[in-house]
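Asker: Structure file data.pdb (PDB, C-alpha atoms) right here:
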ATOM      1  CA  MET S   1     118.123  78.637 180.030  1.00  0.00           C
ATOM      2  CA  ILE S   2     120.058  81.479 181.641  1.00  0.00           C
ATOM      3  CA  GLU S   3     118.326  84.852 181.644  1.00  0.00           C
ATOM      4  CA  SER S   4     120.189  88.124 181.655  1.00  0.00           C
ATOM      5  CA  ASN S   5     119.101  91.715 182.094  1.00  0.00           C
ATOM      6  CA  THR S   6     121.126  92.647 179.027  1.00  0.00           C
ATOM      7  CA  GLY S   7     119.553  89.911 176.873  1.00  0.00           C
ATOM      8  CA  SER S   8     116.344  91.757 176.007  1.00  0.00           C
ATOM      9  CA  PRO S   9     117.740  94.371 173.567  1.00  0.00           C
ATOM     10  CA  ARG S  10     119.925  91.752 171.907  1.00  0.00           C
ATOM     11  CA  ARG S  11     116.972  89.373 171.646  1.00  0.00           C
ATOM     12  CA  ALA S  12     114.849  92.124 170.080  1.00  0.00           C
ATOM     13  CA  VAL S  13     117.532  92.822 167.472  1.00  0.00           C
ATOM     14  CA  LEU S  14     117.852  89.125 166.660  1.00  0.00           C
ATOM     15  CA  GLN S  15     114.091  88.697 166.386  1.00  0.00           C
ATOM     16  CA  THR S  16     113.840  91.711 164.074  1.00  0.00           C
ATOM     17  CA  GLY S  17     116.674  90.384 161.911  1.00  0.00           C
ATOM     18  CA  LEU S  18     115.084  86.948 161.704  1.00  0.00           C
ATOM     19  CA  GLY S  19     111.768  88.551 160.798  1.00  0.00           C
ATOM     20  CA  ILE S  20     113.400  90.454 157.941  1.00  0.00           C
ATOM     21  CA  LEU S  21     115.117  87.292 156.689  1.00  0.00           C
ATOM     22  CA  ALA S  22     111.856  85.359 156.832  1.00  0.00           C
ATOM     23  CA  ALA S  23     110.033  88.089 154.926  1.00  0.00           C
ATOM     24  CA  GLY S  24     112.756  88.099 152.269  1.00  0.00           C
ATOM     25  CA  ALA S  25     112.624  84.320 151.942  1.00  0.00           C
ATOM     26  CA  GLY S  26     108.848  84.482 151.653  1.00  0.00           C
ATOM     27  CA  LEU S  27     109.078  87.082 148.898  1.00  0.00           C
ATOM     28  CA  CYS S  28     111.599  84.957 146.988  1.00  0.00           C
ATOM     29  CA  ALA S  29     109.421  81.871 147.333  1.00  0.00           C
ATOM     30  CA  THR S  30     106.359  83.794 146.184  1.00  0.00           C
ATOM     31  CA  ARG S  31     108.153  85.070 143.099  1.00  0.00           C
ATOM     32  CA  ALA S  32     109.569  81.641 142.329  1.00  0.00           C
ATOM     33  CA  ASN S  33     106.156  80.039 142.667  1.00  0.00           C
ATOM     34  CA  ALA S  34     104.693  82.630 140.321  1.00  0.00           C
ATOM     35  CA  GLY S  35     107.360  81.749 137.767  1.00  0.00           C
ATOM     36  CA  GLN S  36     108.844  85.241 137.800  1.00  0.00           C
ATOM     37  CA  LYS S  37     112.549  85.850 137.560  1.00  0.00           C
ATOM     38  CA  MET S  38     114.081  88.299 139.976  1.00  0.00           C
ATOM     39  CA  ALA S  39     116.270  90.592 137.885  1.00  0.00           C
ATOM     40  CA  GLN S  40     119.664  91.403 139.274  1.00  0.00           C
ATOM     41  CA  GLU S  41     120.846  94.872 138.404  1.00  0.00           C
ATOM     42  CA  LYS S  42     124.508  95.464 137.721  1.00  0.00           C
ATOM     43  CA  LEU S  43     126.581  97.764 139.920  1.00  0.00           C
ATOM     44  CA  ALA S  44     127.950 101.121 138.772  1.00  0.00           C
ATOM     45  CA  GLN S  45     131.674 101.190 138.055  1.00  0.00           C
ATOM     46  CA  ALA S  46     132.211 103.963 140.611  1.00  0.00           C
ATOM     47  CA  LEU S  47     130.495 101.914 143.321  1.00  0.00           C
ATOM     48  CA  VAL S  48     132.987  99.056 142.946  1.00  0.00           C
ATOM     49  CA  GLN S  49     135.951 101.396 142.381  1.00  0.00           C
ATOM     50  CA  TYR S  50     136.509  99.999 138.883  1.00  0.00           C
ATOM     51  CA  GLN S  51     139.761 100.939 137.184  1.00  0.00           C
ATOM     52  CA  ALA S  52     140.938  99.988 133.695  1.00  0.00           C
ATOM     53  CA  THR S  53     144.331  98.841 135.003  1.00  0.00           C
ATOM     54  CA  PRO S  54     145.290  95.785 137.088  1.00  0.00           C
ATOM     55  CA  LYS S  55     145.903  95.942 140.831  1.00  0.00           C
ATOM     56  CA  ASP S  56     148.485  93.783 142.565  1.00  0.00           C
ATOM     57  CA  GLY S  57     148.566  91.418 139.574  1.00  0.00           C
ATOM     58  CA  ASN S  58     144.787  90.942 139.619  1.00  0.00           C
ATOM     59  CA  GLN S  59     142.737  91.806 136.552  1.00  0.00           C
ATOM     60  CA  CYS S  60     139.295  91.150 135.118  1.00  0.00           C
ATOM     61  CA  THR S  61     140.324  88.224 132.910  1.00  0.00           C
ATOM     62  CA  ARG S  62     141.300  86.348 136.085  1.00  0.00           C
ATOM     63  CA  CYS S  63     137.932  87.035 137.794  1.00  0.00           C
ATOM     64  CA  THR S  64     134.973  84.659 138.002  1.00  0.00           C
ATOM     65  CA  GLN S  65     132.651  87.481 136.871  1.00  0.00           C
ATOM     66  CA  TRP S  66     134.533  88.182 133.607  1.00  0.00           C
ATOM     67  CA  GLN S  67     132.491  87.864 130.391  1.00  0.00           C
ATOM     68  CA  PRO S  68     134.659  88.130 127.255  1.00  0.00           C
ATOM     69  CA  PRO S  69     135.288  90.152 125.272  1.00  0.00           C
ATOM     70  CA  ALA S  70     134.590  93.243 127.430  1.00  0.00           C
ATOM     71  CA  ALA S  71     131.892  92.685 130.062  1.00  0.00           C
ATOM     72  CA  CYS S  72     131.308  91.740 133.670  1.00  0.00           C
ATOM     73  CA  ALA S  73     128.418  89.787 135.181  1.00  0.00           C
ATOM     74  CA  ILE S  74     127.996  92.288 138.014  1.00  0.00           C
ATOM     75  CA  VAL S  75     129.434  95.636 136.830  1.00  0.00           C
ATOM     76  CA  VAL S  76     127.840  97.941 134.240  1.00  0.00           C
ATOM     77  CA  GLY S  77     129.509  99.087 131.058  1.00  0.00           C
ATOM     78  CA  PRO S  78     132.408  98.092 128.927  1.00  0.00           C
ATOM     79  CA  ILE S  79     135.089  96.454 131.048  1.00  0.00           C
ATOM     80  CA  ALA S  80     138.773  96.331 130.142  1.00  0.00           C
ATOM     81  CA  ALA S  81     140.347  92.877 130.197  1.00  0.00           C
ATOM     82  CA  THR S  82     143.156  94.399 132.252  1.00  0.00           C
ATOM     83  CA  GLY S  83     140.745  96.192 134.607  1.00  0.00           C
ATOM     84  CA  TRP S  84     140.124  95.583 138.309  1.00  0.00           C
ATOM     85  CA  CYS S  85     137.515  96.424 140.987  1.00  0.00           C
ATOM     86  CA  VAL S  86     136.819  95.664 144.643  1.00  0.00           C
ATOM     87  CA  ALA S  87     134.439  92.876 143.614  1.00  0.00           C
ATOM     88  CA  PHE S  88     137.351  90.914 142.134  1.00  0.00           C
ATOM     89  CA  ALA S  89     136.933  87.187 142.815  1.00  0.00           C
ATOM     90  CA  PRO S  90     139.806  85.065 141.479  1.00  0.00           C
ATOM     91  CA  LYS S  91     139.030  82.029 139.327  1.00  0.00           C
ATOM     92  CA  GLU S  92     139.976  78.702 140.871  1.00  0.00           C
ATOM     93  CA  GLY S  93     142.868  76.839 139.372  1.00  0.00           C
TER      94      GLY S  93
END
Would you kindly transcribe this structure into structure tokens?
Answerer:
Amino acid sequence: MIESNTGSPRRAVLQTGLGILAAGAGLCATRANAGQKMAQEKLAQALVQYQATPKDGNQCTRCTQWQPPAACAIVVGPIAATGWCVAFAPKEG
């Protein structure tokens, strides 16, 4: 193992990050074991820069999150079939 004088701050950041991840995993496991569902809240349209028109040929009906006739799995509110947002994820195929 090679030691470096600059390794300590980096190591501290990594250890803190790993601690946070472990705590999050523990919380998820605790909730799962208790049989509780973790609710996922939808994002505000403004947060994802939603617009009711397509962008660069991409639109909601071509997104994996699209839920006909006018909804999205991750964005709040009525969603236009021809809409678009930064969370756009194209369907395969």
Asker: For each of S:Gln45, S:Arg62, S:Ala52, S:Ala70, take the minimum atom-to-atom distance to Trp84 in chain S, counting all atoms listed in the file, then give the residue where this is smallest.
Answerer: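 Closest residue, counting all atoms listed in the file: S:Ala52.
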Asker: Determine the residue set returned by the PyMOL selection byres ((chain S and resi 81) around 9) for the present structure, and present it as a PyMOL selection string.
Answerer: chain S and resi 52-54+59-62+66+68-71+79-80+82-84
Asker: Take the residues from that selection and write them out as a short mmCIF file (atom, residue, chain, number, x, y, z; two decimals), in the frame of the given file, keeping C-alpha atoms.
Answerer:
data_model
loop_
_atom_site.label_atom_id
_atom_site.label_comp_id
_atom_site.auth_asym_id
_atom_site.auth_seq_id
_atom_site.Cartn_x
_atom_site.Cartn_y
_atom_site.Cartn_z
CA ALA S 52 140.94 99.99 133.70
CA THR S 53 144.33 98.84 135.00
CA PRO S 54 145.29 95.78 137.09
CA GLN S 59 142.74 91.81 136.55
CA CYS S 60 139.29 91.15 135.12
CA THR S 61 140.32 88.22 132.91
CA ARG S 62 141.30 86.35 136.08
CA TRP S 66 134.53 88.18 133.61
CA PRO S 68 134.66 88.13 127.26
CA PRO S 69 135.29 90.15 125.27
CA ALA S 70 134.59 93.24 127.43
CA ALA S 71 131.89 92.68 130.06
CA ILE S 79 135.09 96.45 131.05
CA ALA S 80 138.77 96.33 130.14
CA THR S 82 143.16 94.40 132.25
CA GLY S 83 140.74 96.19 134.61
CA TRP S 84 140.12 95.58 138.31
#
Asker: Given the file shown, determine the residues that the PyMOL selection byres ((chain S and resi 87) around 12) selects; report them as an mmCIF file with C-alpha atoms, keeping the file's coordinate frame.
Answerer:
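selection.cif written:
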data_model
loop_
_atom_site.group_PDB
_atom_site.id
_atom_site.type_symbol
_atom_site.label_atom_id
_atom_site.label_comp_id
_atom_site.auth_asym_id
_atom_site.auth_seq_id
_atom_site.Cartn_x
_atom_site.Cartn_y
_atom_site.Cartn_z
ATOM 1 C CA LYS S 42 124.508 95.464 137.721
ATOM 2 C CA LEU S 43 126.581 97.764 139.920
ATOM 3 C CA ALA S 44 127.950 101.121 138.772
ATOM 4 C CA GLN S 45 131.674 101.190 138.055
ATOM 5 C CA ALA S 46 132.211 103.963 140.611
ATOM 6 C CA LEU S 47 130.495 101.914 143.321
ATOM 7 C CA VAL S 48 132.987 99.056 142.946
ATOM 8 C CA GLN S 49 135.951 101.396 142.381
ATOM 9 C CA TYR S 50 136.509 99.999 138.883
ATOM 10 C CA GLN S 51 139.761 100.939 137.184
ATOM 11 C CA ASN S 58 144.787 90.942 139.619
ATOM 12 C CA GLN S 59 142.737 91.806 136.552
ATOM 13 C CA CYS S 60 139.295 91.150 135.118
ATOM 14 C CA CYS S 63 137.932 87.035 137.794
ATOM 15 C CA THR S 64 134.973 84.659 138.002
ATOM 16 C CA GLN S 65 132.651 87.481 136.871
ATOM 17 C CA TRP S 66 134.533 88.182 133.607
ATOM 18 C CA CYS S 72 131.308 91.740 133.670
ATOM 19 C CA ALA S 73 128.418 89.787 135.181
ATOM 20 C CA ILE S 74 127.996 92.288 138.014
ATOM 21 C CA VAL S 75 129.434 95.636 136.830
ATOM 22 C CA GLY S 83 140.745 96.192 134.607
ATOM 23 C CA TRP S 84 140.124 95.583 138.309
ATOM 24 C CA CYS S 85 137.515 96.424 140.987
ATOM 25 C CA VAL S 86 136.819 95.664 144.643
ATOM 26 C CA PHE S 88 137.351 90.914 142.134
ATOM 27 C CA ALA S 89 136.933 87.187 142.815
ATOM 28 C CA PRO S 90 139.806 85.065 141.479
#
Asker: As an exercise, work out the distance from CA of Gly57 in chain S to CA of Lys91 in chain S in Å and give it to one decimal place.
Answerer: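 Interatomic distance, CA of Gly57 in chain S to CA of Lys91 in chain S: 13.4 Å.
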